[in-house]
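Pasting run-v5.cif here (mmCIF, C-alpha atoms):
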data_start
loop_
_atom_site.label_atom_id
_atom_site.label_comp_id
_atom_site.auth_asym_id
_atom_site.auth_seq_id
_atom_site.Cartn_x
_atom_site.Cartn_y
_atom_site.Cartn_z
CA MET K 1 -16.86 -25.83 7.30
CA THR K 2 -14.76 -28.74 6.06
CA ASN K 3 -13.13 -27.69 2.86
CA GLY K 4 -14.03 -29.76 -0.16
CA ASN K 5 -11.65 -28.23 -2.70
CA ASN K 6 -7.92 -28.06 -3.17
CA CYS K 7 -7.39 -24.59 -1.76
CA PRO K 8 -7.90 -25.01 1.98
CA PHE K 9 -5.23 -22.49 2.99
CA ARG K 10 -6.51 -19.77 0.69
CA ASP K 11 -10.08 -20.44 1.75
CA PHE K 12 -9.19 -20.37 5.42
CA LEU K 13 -7.40 -17.04 4.99
CA ILE K 14 -10.44 -15.69 3.15
CA ALA K 15 -12.60 -16.80 6.07
CA LEU K 16 -10.23 -15.01 8.44
CA ALA K 17 -10.43 -11.91 6.27
CA ASP K 18 -14.14 -11.62 6.99
CA PRO K 19 -14.67 -9.56 10.15
CA ALA K 20 -17.78 -11.62 10.83
CA ASN K 21 -15.57 -14.66 11.45
CA ASP K 22 -13.59 -13.13 14.26
CA ASP K 23 -14.21 -16.22 16.40
CA LEU K 24 -11.89 -18.17 14.09
CA ARG K 25 -8.92 -16.28 15.50
CA THR K 26 -9.82 -17.28 19.02
CA ARG K 27 -10.42 -20.86 17.99
CA LEU K 28 -7.08 -20.96 16.19
CA ASP K 29 -5.36 -19.92 19.42
CA ASP K 30 -7.36 -22.26 21.62
CA ASP K 31 -7.57 -25.32 19.41
CA PRO K 32 -5.14 -25.25 16.47
CA ASP K 33 -5.39 -29.02 16.00
CA GLY K 34 -9.16 -28.83 15.71
CA ILE K 35 -8.96 -25.99 13.18
CA GLN K 36 -6.32 -27.87 11.22
CA GLU K 37 -8.56 -30.91 10.94
CA GLU K 38 -11.75 -28.98 10.29
CA PHE K 39 -10.29 -26.93 7.46
CA GLY K 40 -7.92 -29.53 6.06
CA LEU K 41 -4.82 -27.46 6.73
CA SER K 42 -1.27 -28.78 6.94
CA THR K 43 0.93 -28.52 10.00
CA ALA K 44 3.18 -26.09 8.13
CA GLN K 45 0.21 -23.86 7.30
CA ILE K 46 -0.95 -23.78 10.92
CA ALA K 47 2.61 -23.02 12.04
CA ALA K 48 2.92 -20.18 9.54
CA LEU K 49 -0.30 -18.60 10.78
CA ALA K 50 0.83 -18.97 14.38
CA SER K 51 4.15 -17.30 13.59
CA GLY K 52 2.54 -14.41 11.72
CA ASN K 53 5.45 -14.53 9.28
CA GLN K 54 4.17 -12.83 6.17
CA LYS K 55 6.83 -14.32 3.90
CA LYS K 56 6.03 -17.85 5.08
CA ILE K 57 2.30 -17.33 4.62
CA ALA K 58 2.86 -15.91 1.13
CA LYS K 59 5.14 -18.82 0.23
CA LEU K 60 2.63 -21.44 1.35
CA LEU K 61 -0.18 -19.61 -0.43
CA LYS K 62 1.90 -19.64 -3.59
CA GLN K 63 2.75 -23.35 -3.16
CA GLU K 64 -0.93 -24.16 -2.90
CA GLY K 65 -1.25 -22.81 -6.44
CA CYS K 66 -4.70 -21.29 -6.09
CA GLY K 67 -4.02 -18.05 -7.89
CA GLY K 68 -6.42 -19.16 -10.62
CA THR K 69 -5.27 -17.81 -13.94
CA TYR K 70 -2.82 -15.50 -12.23
CA GLU K 71 0.91 -15.85 -12.53
CA VAL K 72 2.90 -15.22 -9.38
CA THR K 73 5.62 -12.65 -10.02
CA TYR K 74 7.93 -10.53 -7.92
CA TRP K 75 5.19 -7.90 -7.74
CA GLY K 76 2.39 -10.29 -6.97
CA LEU K 77 -0.14 -11.90 -9.22
CA VAL K 78 -0.34 -10.95 -12.87
CA ARG K 79 -3.07 -12.27 -15.07
CA MET Y 80 -27.36 8.58 -14.26
CA PRO Y 81 -23.97 6.85 -14.53
CA SER Y 82 -21.51 7.44 -11.75
CA LEU Y 83 -18.00 6.51 -10.73
CA THR Y 84 -17.02 5.56 -7.19
CA VAL Y 85 -13.33 5.03 -6.55
CA VAL Y 86 -12.55 3.04 -3.41
CA GLY Y 87 -9.56 1.56 -1.61
CA THR Y 88 -9.28 -2.06 -0.54
CA GLY Y 89 -6.90 -1.35 2.34
CA ILE Y 90 -3.75 -3.39 2.76
CA ARG Y 91 -4.79 -6.33 4.93
CA ALA Y 92 -7.18 -8.37 2.83
CA GLY Y 93 -10.82 -7.93 3.73
CA LEU Y 94 -10.26 -6.62 7.21
CA GLN Y 95 -9.36 -3.13 5.99
CA LEU Y 96 -12.10 -2.84 3.40
CA THR Y 97 -14.38 -0.15 4.79
CA PRO Y 98 -18.14 -0.74 4.96
CA GLU Y 99 -18.81 2.08 2.50
CA ALA Y 100 -16.25 0.67 0.05
CA ARG Y 101 -17.80 -2.78 0.36
CA HIS Y 102 -21.23 -1.27 -0.36
CA ALA Y 103 -19.94 0.60 -3.40
CA ILE Y 104 -18.41 -2.61 -4.80
CA ALA Y 105 -21.61 -4.57 -4.20
CA ALA Y 106 -23.92 -1.94 -5.71
CA ALA Y 107 -21.99 -1.21 -8.91
CA ASP Y 108 -22.99 -2.41 -12.38
CA GLU Y 109 -19.32 -2.84 -13.18
CA VAL Y 110 -16.35 -3.19 -10.87
CA PHE Y 111 -12.72 -2.84 -11.88
CA TYR Y 112 -10.03 -3.63 -9.36
CA LEU Y 113 -6.29 -3.21 -9.15
CA THR Y 114 -4.68 -5.41 -6.59
CA THR Y 115 -2.27 -8.30 -6.99
CA GLU Y 116 -3.18 -9.97 -3.73
CA THR Y 117 -5.07 -13.22 -4.22
CA LEU Y 118 -7.18 -12.95 -1.06
CA THR Y 119 -8.36 -9.45 -1.87
CA ILE Y 120 -9.16 -10.55 -5.41
CA SER Y 121 -11.26 -13.44 -4.14
CA LEU Y 122 -13.12 -11.17 -1.74
CA ILE Y 123 -13.91 -8.52 -4.33
CA GLU Y 124 -15.17 -11.14 -6.76
CA GLU Y 125 -17.26 -12.65 -4.00
CA ILE Y 126 -18.84 -9.28 -3.17
CA ASN Y 127 -19.54 -8.58 -6.85
CA PRO Y 128 -19.15 -11.45 -9.33
CA ARG Y 129 -19.06 -8.91 -12.17
CA ALA Y 130 -15.73 -7.56 -10.93
CA ARG Y 131 -12.87 -7.51 -13.40
CA SER Y 132 -9.16 -7.13 -12.83
CA LEU Y 133 -7.05 -4.32 -14.23
CA VAL Y 134 -3.87 -6.21 -13.39
CA GLY Y 135 -3.68 -7.72 -16.87
CA TYR Y 136 -2.62 -4.35 -18.25
CA TYR Y 137 0.67 -4.63 -16.38
CA SER Y 138 3.57 -6.12 -18.24
CA THR Y 139 7.22 -6.37 -17.30
CA ASN Y 140 8.31 -4.71 -20.54
CA ARG Y 141 5.67 -2.03 -20.80
CA PRO Y 142 5.99 1.54 -19.50
CA ARG Y 143 3.74 2.00 -16.50
CA SER Y 144 2.44 5.27 -17.94
CA GLU Y 145 0.90 3.34 -20.86
CA THR Y 146 -0.55 0.80 -18.47
CA TYR Y 147 -2.16 3.47 -16.30
CA GLU Y 148 -3.58 5.29 -19.32
CA GLU Y 149 -5.27 2.12 -20.52
CA MET Y 150 -6.71 1.41 -17.07
CA VAL Y 151 -8.27 4.86 -16.98
CA SER Y 152 -9.69 4.43 -20.48
CA VAL Y 153 -11.38 1.17 -19.54
CA VAL Y 154 -13.00 2.69 -16.46
CA ILE Y 155 -14.17 5.80 -18.30
CA GLY Y 156 -15.42 3.68 -21.20
CA ALA Y 157 -17.79 1.82 -18.89
CA LEU Y 158 -18.96 5.10 -17.42
CA ASP Y 159 -19.59 6.57 -20.88
CA ALA Y 160 -21.64 3.45 -21.66
CA GLY Y 161 -24.06 4.51 -18.95
CA ARG Y 162 -22.95 2.12 -16.21
CA ASN Y 163 -22.55 2.73 -12.50
CA VAL Y 164 -18.89 1.95 -12.06
CA CYS Y 165 -16.75 1.19 -9.04
CA ALA Y 166 -12.95 1.19 -9.33
CA ALA Y 167 -11.16 -0.43 -6.41
CA PHE Y 168 -7.46 0.14 -5.81
CA TYR Y 169 -5.04 -1.40 -3.33
CA GLY Y 170 -4.59 0.65 -0.16
CA HIS Y 171 -5.96 4.19 -0.28
CA PRO Y 172 -7.15 5.00 -3.81
CA GLY Y 173 -5.89 8.55 -3.59
CA SER Y 174 -2.46 7.81 -2.16
CA TYR Y 175 0.19 7.18 -4.84
CA VAL Y 176 -2.44 5.98 -7.35
CA TRP Y 177 -2.38 8.12 -10.49
CA PRO Y 178 -5.11 6.19 -12.39
CA ALA Y 179 -7.59 6.77 -9.56
CA HIS Y 180 -7.18 10.53 -9.60
CA GLU Y 181 -7.12 10.66 -13.39
CA ALA Y 182 -10.32 8.61 -13.67
CA ILE Y 183 -12.09 11.00 -11.28
CA ARG Y 184 -10.82 14.02 -13.22
CA ARG Y 185 -11.94 12.67 -16.61
CA ALA Y 186 -15.30 11.60 -15.24
CA HIS Y 187 -15.89 15.11 -13.94
CA ASP Y 188 -14.77 16.59 -17.26
CA ALA Y 189 -17.36 14.42 -19.02
CA GLY Y 190 -20.07 15.66 -16.66
CA HIS Y 191 -20.43 12.45 -14.65
CA ASP Y 192 -20.76 12.08 -10.91
CA ALA Y 193 -17.50 10.82 -9.48
CA THR Y 194 -16.51 10.26 -5.86
CA MET Y 195 -13.44 8.94 -4.11
CA LEU Y 196 -13.84 7.11 -0.81
CA PRO Y 197 -10.79 6.97 1.45
CA GLY Y 198 -9.10 3.71 2.31
CA ILE Y 199 -6.36 2.49 4.60
CA SER Y 200 -2.97 3.13 3.04
CA ALA Y 201 0.46 1.59 3.60
CA GLU Y 202 1.44 4.79 5.42
CA ASP Y 203 -1.52 4.42 7.76
CA CYS Y 204 -0.29 0.93 8.58
CA LEU Y 205 3.28 2.21 9.01
CA ILE Y 206 2.11 4.81 11.53
CA ALA Y 207 0.41 2.10 13.55
CA ASP Y 208 3.11 -0.56 13.27
CA LEU Y 209 6.11 1.69 13.94
CA GLY Y 210 4.32 3.75 16.57
CA ILE Y 211 4.89 7.09 14.87
CA ASP Y 212 2.76 10.15 15.47
CA PRO Y 213 3.22 12.76 12.72
CA ALA Y 214 2.17 15.38 15.27
CA THR Y 215 5.45 14.87 17.13
CA GLU Y 216 8.06 15.50 14.44
CA GLY Y 217 6.09 16.05 11.23
CA TRP Y 218 5.95 13.91 8.12
CA GLN Y 219 7.46 14.09 4.64
CA SER Y 220 6.66 11.47 2.07
CA TYR Y 221 7.76 10.92 -1.52
CA ILE Y 222 7.99 8.27 -4.20
CA ALA Y 223 11.66 7.28 -3.87
CA GLU Y 224 12.49 7.89 -7.52
CA ASP Y 225 10.83 11.30 -7.49
CA PHE Y 226 12.73 12.17 -4.32
CA LEU Y 227 16.00 11.49 -6.15
CA ILE Y 228 15.34 13.09 -9.53
CA ARG Y 229 13.69 16.24 -8.14
CA PRO Y 230 16.05 17.26 -5.35
CA ARG Y 231 13.62 19.18 -3.20
CA ARG Y 232 14.72 20.80 0.03
CA PHE Y 233 13.73 18.26 2.62
CA ASP Y 234 14.24 18.54 6.36
CA VAL Y 235 16.48 16.03 8.16
CA HIS Y 236 14.66 16.96 11.38
CA VAL Y 237 11.44 15.45 10.03
CA PRO Y 238 10.87 11.70 9.45
CA LEU Y 239 11.26 10.82 5.78
CA ILE Y 240 9.04 8.20 4.14
CA LEU Y 241 10.07 6.93 0.71
CA ARG Y 242 7.66 4.73 -1.22
CA GLN Y 243 8.38 2.18 -3.95
CA ILE Y 244 12.10 1.88 -3.20
CA ALA Y 245 12.31 -1.36 -5.20
CA ALA Y 246 11.23 0.37 -8.41
CA ILE Y 247 13.65 3.30 -8.58
CA GLY Y 248 14.67 3.90 -12.18
CA GLU Y 249 12.13 1.46 -13.59
CA GLU Y 250 9.69 2.65 -16.24
CA ALA Y 251 8.12 -0.78 -16.60
CA THR Y 252 7.12 -3.25 -13.92
CA PRO Y 253 10.42 -4.85 -12.83
CA GLU Y 254 10.98 -8.54 -12.27
CA ALA Y 255 13.26 -7.90 -9.29
CA PRO Y 256 14.26 -4.95 -7.11
CA ASN Y 257 16.42 -2.44 -8.95
CA ARG Y 258 19.66 -2.80 -6.98
CA HIS Y 259 21.35 0.13 -8.66
CA GLY Y 260 18.47 2.41 -7.72
CA ILE Y 261 18.63 1.29 -4.11
CA GLN Y 262 22.40 1.84 -4.06
CA VAL Y 263 21.98 5.40 -5.34
CA LEU Y 264 19.28 6.09 -2.77
CA ALA Y 265 21.44 4.70 0.04
CA SER Y 266 24.34 6.85 -1.08
CA VAL Y 267 22.27 10.04 -1.21
CA LEU Y 268 20.69 9.42 2.19
CA GLN Y 269 24.11 8.80 3.75
CA GLU Y 270 25.20 12.25 2.56
CA TYR Y 271 22.50 13.78 4.75
CA PHE Y 272 22.19 11.36 7.66
CA GLY Y 273 25.54 9.55 7.80
CA PRO Y 274 26.23 5.82 7.34
CA ASP Y 275 25.18 4.76 10.85
CA HIS Y 276 21.75 6.38 10.78
CA PRO Y 277 19.01 3.74 10.87
CA ALA Y 278 16.43 3.19 8.17
CA THR Y 279 13.50 0.79 8.35
CA ILE Y 280 12.43 -1.32 5.39
CA TYR Y 281 8.72 -1.77 5.95
CA VAL Y 282 5.96 -3.81 4.34
CA ALA Y 283 2.49 -3.71 5.87
CA ALA Y 284 0.85 -7.03 6.72
CA THR Y 285 -1.19 -8.28 3.81
CA TYR Y 286 -2.79 -11.38 5.29
CA PRO Y 287 -4.97 -11.96 8.33
CA LEU Y 288 -2.79 -12.85 11.34
CA ALA Y 289 0.38 -11.87 9.49
CA LYS Y 290 2.83 -9.44 11.02
CA PRO Y 291 4.37 -6.59 9.06
CA ILE Y 292 7.90 -6.88 7.73
CA ILE Y 293 10.05 -4.46 9.72
CA ASP Y 294 13.77 -4.59 9.02
CA THR Y 295 15.91 -1.80 10.44
CA VAL Y 296 19.43 -1.42 9.05
CA PRO Y 297 22.13 1.28 9.10
CA LEU Y 298 22.05 3.33 5.89
CA ALA Y 299 25.47 1.89 5.07
CA GLU Y 300 23.82 -1.54 4.72
CA LEU Y 301 20.71 -0.45 2.85
CA ALA Y 302 22.21 -1.12 -0.58
CA THR Y 303 22.59 -4.83 0.16
CA ALA Y 304 19.50 -5.35 2.32
CA ASP Y 305 16.58 -7.55 1.30
CA VAL Y 306 13.96 -5.28 -0.29
CA PRO Y 307 10.50 -6.79 -0.86
CA PRO Y 308 8.57 -5.47 -3.87
CA LEU Y 309 6.13 -3.24 -2.00
CA ALA Y 310 8.63 -1.98 0.56
CA THR Y 311 8.51 1.52 1.99
CA LEU Y 312 11.58 3.08 3.61
CA TYR Y 313 11.19 4.95 6.88
CA VAL Y 314 14.10 7.20 7.81
CA PRO Y 315 13.71 8.70 11.29
CA ALA Y 316 14.67 12.32 11.88
CA ALA Y 317 18.34 13.00 12.48
CA SER Y 318 17.40 14.99 15.59
CA PRO Y 319 14.37 16.93 16.80
CA ALA Y 320 13.82 20.36 15.27
CA GLU Y 321 14.75 23.26 17.52
CA ALA Y 322 11.96 25.56 18.63
CA ASP Y 323 12.02 29.08 17.22
CA PRO Y 324 12.11 31.48 20.20
CA VAL Y 325 10.99 34.41 18.06
CA MET Y 326 7.86 32.56 17.04
CA GLU Y 327 7.29 31.36 20.59
CA ARG Y 328 7.36 34.95 21.83
CA ARG Y 329 5.13 36.03 18.97
CA LEU Y 330 2.54 33.40 19.79
CA ALA Y 331 2.68 34.31 23.47
CA ALA Y 332 1.99 37.93 22.73
CA ASP Y 333 -1.54 39.35 22.51
CA THR Y 334 -3.32 39.66 19.16
CA ASP Y 335 -2.58 43.33 18.56
CA SER Y 336 1.15 43.04 19.07
CA SER Y 337 1.46 39.76 17.12
CA SER Y 338 -0.04 41.32 14.02
CA SER Y 339 2.86 43.75 13.88
CA SER Y 340 5.62 41.34 14.97
CA PRO Y 341 8.84 41.19 13.04
CA THR Y 342 9.47 38.50 10.47
CA THR Y 343 10.15 35.06 11.94
CA ALA Y 344 12.23 32.17 10.74
CA HIS Y 345 9.09 30.56 9.26
CA ALA Y 346 8.08 33.62 7.31
CA SER Y 347 11.54 34.20 5.90
CA SER Y 348 12.25 30.65 4.83
#

Would you mind giving the structure from this file in structure tokens?
Amino acid sequence: MTNGNNCPFRDFLIALADPANDDLRTRLDDDPDGIQEEFGLSTAQIAALASGNQKKIAKLLKQEGCGGTYEVTYWGLVR
Amino acid sequence: MPSLTVVGTGIRAGLQLTPEARHAIAAADEVFYLTTETLTISLIEEINPRARSLVGYYSTNRPRSETYEEMVSVVIGALDAGRNVCAAFYGHPGSYVWPAHEAIRRAHDAGHDATMLPGISAEDCLIADLGIDPATEGWQSYIAEDFLIRPRRFDVHVPLILRQIAAIGEEATPEAPNRHGIQVLASVLQEYFGPDHPATIYVAATYPLAKPIIDTVPLAELATADVPPLATLYVPAASPAEADPVMERRLAADTDSSSSSPTTAHASS
């Protein structure tokens, strides 16, 4: 599942959002380094997920710049 | 025969999308969605590549009423063109979502089949995250602005939930929380509950693994507190409601005598 594009954090969150991938949560707890390498995530991204801090996750998602044609505003993404 | 199915996406991306909502999105000829969350957008477009966003109708300088009207027109237009349409809204489509209800109403008026499927709302998440059971003390919920401009009789012995506290006094989509509106709200609530009464600024978790934002402050500090855009305010009851002994006796009596019981506090209020 190595990520070949420039949106590894978004894509990993999308994978987590699929109930069929519930094992990813367990693997993230058991082997965060392995998940980081497999999905091409940064240390900061792994740390944000581990903390569960919604603001940090949102900030890193925004920094990754994978909103497509959406503009990030106070209310969220606006196309 | 064309039909409209209105569904909710839930709050936490993907994980709160119900199986029946997912099926409705997948099966539709046309899908319109209203969510500003990038993960949910990606998931909807993955389920049905024909999905189109309604978010583009928002503008910071445009009255929201105009925006909502246009959203409804687009959905009904596709229905009138003979398509099977699914409209997906953030959270529960029937909870604080005027365009969803209006689209259903207009579809019915035009003789189309139209159904709303329930979703998981921000209030559902609040109940779970704050550990509140409405059965214990009741539940009263308003849009914050509506709560202020229509001074209904509310009960300080019942938890008060105020939605959209960042958008009080805003006709258009604001670029930042309306501080003046929050100050007015804080002032009004202090008149009823006092300055030391706690209030919780709450935002449900949007992302997988994320925790909700839960920030409890005294009402005296609400005006200067950090208010995220989708924040809901939870104000716990000032104190539990007292039981009505007249009603308790009435309920304890047998059927014949209760039917002729005197007026109770409930009946006279």

**Item:** Which of K:Gln36, K:Asn53, K:Thr43, K:Asn6 sits closest to Ala283 (chain Y) [using only C-alpha atoms]
**Value:**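 Using only C-alpha atoms, the shortest distance to Ala283 (chain Y) belongs to K:Asn53.
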
**Prompt:** Given a cut-off of 7 Å, which residues of chain Y touch chain K, counting all atoms listed in the file, written out as a ChimeraX atom specification?
**Reply:** /Y:92-94,115-118,134-135,254-255,284,287-291,308

Would you write out those residues with C-alpha atoms, as a CSV table (one decimal), in the frame of the given file?
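Written file, out.csv:
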chain,number,residue,atom,x,y,z
Y,92,ALA,CA,-7.2,-8.4,2.8
Y,93,GLY,CA,-10.8,-7.9,3.7
Y,94,LEU,CA,-10.3,-6.6,7.2
Y,115,THR,CA,-2.3,-8.3,-7.0
Y,116,GLU,CA,-3.2,-10.0,-3.7
Y,117,THR,CA,-5.1,-13.2,-4.2
Y,118,LEU,CA,-7.2,-13.0,-1.1
Y,134,VAL,CA,-3.9,-6.2,-13.4
Y,135,GLY,CA,-3.7,-7.7,-16.9
Y,254,GLU,CA,11.0,-8.5,-12.3
Y,255,ALA,CA,13.3,-7.9,-9.3
Y,284,ALA,CA,0.8,-7.0,6.7
Y,287,PRO,CA,-5.0,-12.0,8.3
Y,288,LEU,CA,-2.8,-12.8,11.3
Y,289,ALA,CA,0.4,-11.9,9.5
Y,290,LYS,CA,2.8,-9.4,11.0
Y,291,PRO,CA,4.4,-6.6,9.1
Y,308,PRO,CA,8.6,-5.5,-3.9

**Message:** Can you measure CA of His236 (chain Y) to CA of Gly217 (chain Y) for me? One decimal in Å is fine.
**Reply:** 8.6 Å

**Request:** May I have the residues at most 10 Å from (-18.5, -0.3, 0.5) in the file's coordinates, counting only C-alpha atoms, as a PyMOL selection string?
**Result:** chain Y and resi 84+86-88+96-106+126+165+196

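Every protein or nucleic acid residue with an atom no more than 8 Å from Ser82 (chain Y), counting all atoms listed in the file and leaving out same-chain residues fewer than 5 positions away, appears here: Leu158, Arg162, Asn163, Val164, His191, Asp192 and Ala193 of chain Y.
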
Some atoms are missing, so please complete region 287-296 of chain Y with all heavy atoms and return it as a short mmCIF file (atom, residue, chain, number, x, y, z; two decimals), in the frame of the given file.
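The resulting file, rebuild28.cif, is shown below:
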data_model
loop_
_atom_site.label_atom_id
_atom_site.label_comp_id
_atom_site.auth_asym_id
_atom_site.auth_seq_id
_atom_site.Cartn_x
_atom_site.Cartn_y
_atom_site.Cartn_z
N PRO Y 287 -4.49 -11.84 6.95
CA PRO Y 287 -4.97 -11.96 8.33
C PRO Y 287 -3.94 -12.71 9.17
O PRO Y 287 -3.34 -13.68 8.69
CB PRO Y 287 -6.26 -12.77 8.19
CG PRO Y 287 -6.69 -12.59 6.79
CD PRO Y 287 -5.43 -12.44 5.98
N LEU Y 288 -3.72 -12.27 10.36
CA LEU Y 288 -2.79 -12.85 11.34
C LEU Y 288 -1.32 -12.59 11.02
O LEU Y 288 -0.46 -12.82 11.86
CB LEU Y 288 -2.98 -14.37 11.49
CG LEU Y 288 -4.37 -14.84 11.93
CD1 LEU Y 288 -4.39 -16.37 12.02
CD2 LEU Y 288 -4.75 -14.24 13.27
N ALA Y 289 -1.02 -12.12 9.83
CA ALA Y 289 0.38 -11.87 9.49
C ALA Y 289 0.89 -10.62 10.19
O ALA Y 289 0.12 -9.70 10.49
CB ALA Y 289 0.54 -11.72 7.98
N LYS Y 290 2.19 -10.62 10.45
CA LYS Y 290 2.83 -9.44 11.02
C LYS Y 290 3.50 -8.65 9.90
O LYS Y 290 3.89 -9.23 8.88
CB LYS Y 290 3.88 -9.87 12.05
CG LYS Y 290 3.29 -10.61 13.25
CD LYS Y 290 4.37 -11.20 14.12
CE LYS Y 290 3.77 -12.04 15.24
NZ LYS Y 290 4.78 -12.88 15.92
N PRO Y 291 3.67 -7.36 10.09
CA PRO Y 291 4.37 -6.59 9.06
C PRO Y 291 5.84 -6.99 8.98
O PRO Y 291 6.39 -7.54 9.93
CB PRO Y 291 4.21 -5.15 9.54
CG PRO Y 291 4.04 -5.26 11.02
CD PRO Y 291 3.29 -6.54 11.25
N ILE Y 292 6.45 -6.71 7.85
CA ILE Y 292 7.90 -6.88 7.73
C ILE Y 292 8.55 -5.58 8.16
O ILE Y 292 8.25 -4.51 7.60
CB ILE Y 292 8.28 -7.23 6.27
CG1 ILE Y 292 7.69 -8.59 5.89
CG2 ILE Y 292 9.80 -7.21 6.09
CD1 ILE Y 292 7.81 -8.92 4.41
N ILE Y 293 9.38 -5.65 9.18
CA ILE Y 293 10.05 -4.46 9.72
C ILE Y 293 11.53 -4.82 9.87
O ILE Y 293 11.90 -5.62 10.73
CB ILE Y 293 9.46 -4.04 11.08
CG1 ILE Y 293 7.97 -3.69 10.93
CG2 ILE Y 293 10.24 -2.87 11.68
CD1 ILE Y 293 7.26 -3.45 12.26
N ASP Y 294 12.35 -4.26 9.02
CA ASP Y 294 13.77 -4.59 9.02
C ASP Y 294 14.57 -3.28 9.10
O ASP Y 294 14.61 -2.52 8.14
CB ASP Y 294 14.11 -5.36 7.73
CG ASP Y 294 15.55 -5.83 7.71
OD1 ASP Y 294 16.21 -5.79 8.76
OD2 ASP Y 294 16.03 -6.22 6.62
N THR Y 295 15.17 -3.04 10.25
CA THR Y 295 15.91 -1.80 10.44
C THR Y 295 17.41 -2.05 10.25
O THR Y 295 17.97 -2.95 10.89
CB THR Y 295 15.64 -1.21 11.84
OG1 THR Y 295 14.23 -0.96 11.95
CG2 THR Y 295 16.40 0.10 12.04
N VAL Y 296 18.01 -1.26 9.37
CA VAL Y 296 19.43 -1.42 9.05
C VAL Y 296 20.10 -0.04 9.07
O VAL Y 296 19.44 0.98 8.85
CB VAL Y 296 19.64 -2.07 7.66
CG1 VAL Y 296 19.04 -3.45 7.60
CG2 VAL Y 296 19.05 -1.19 6.56
#
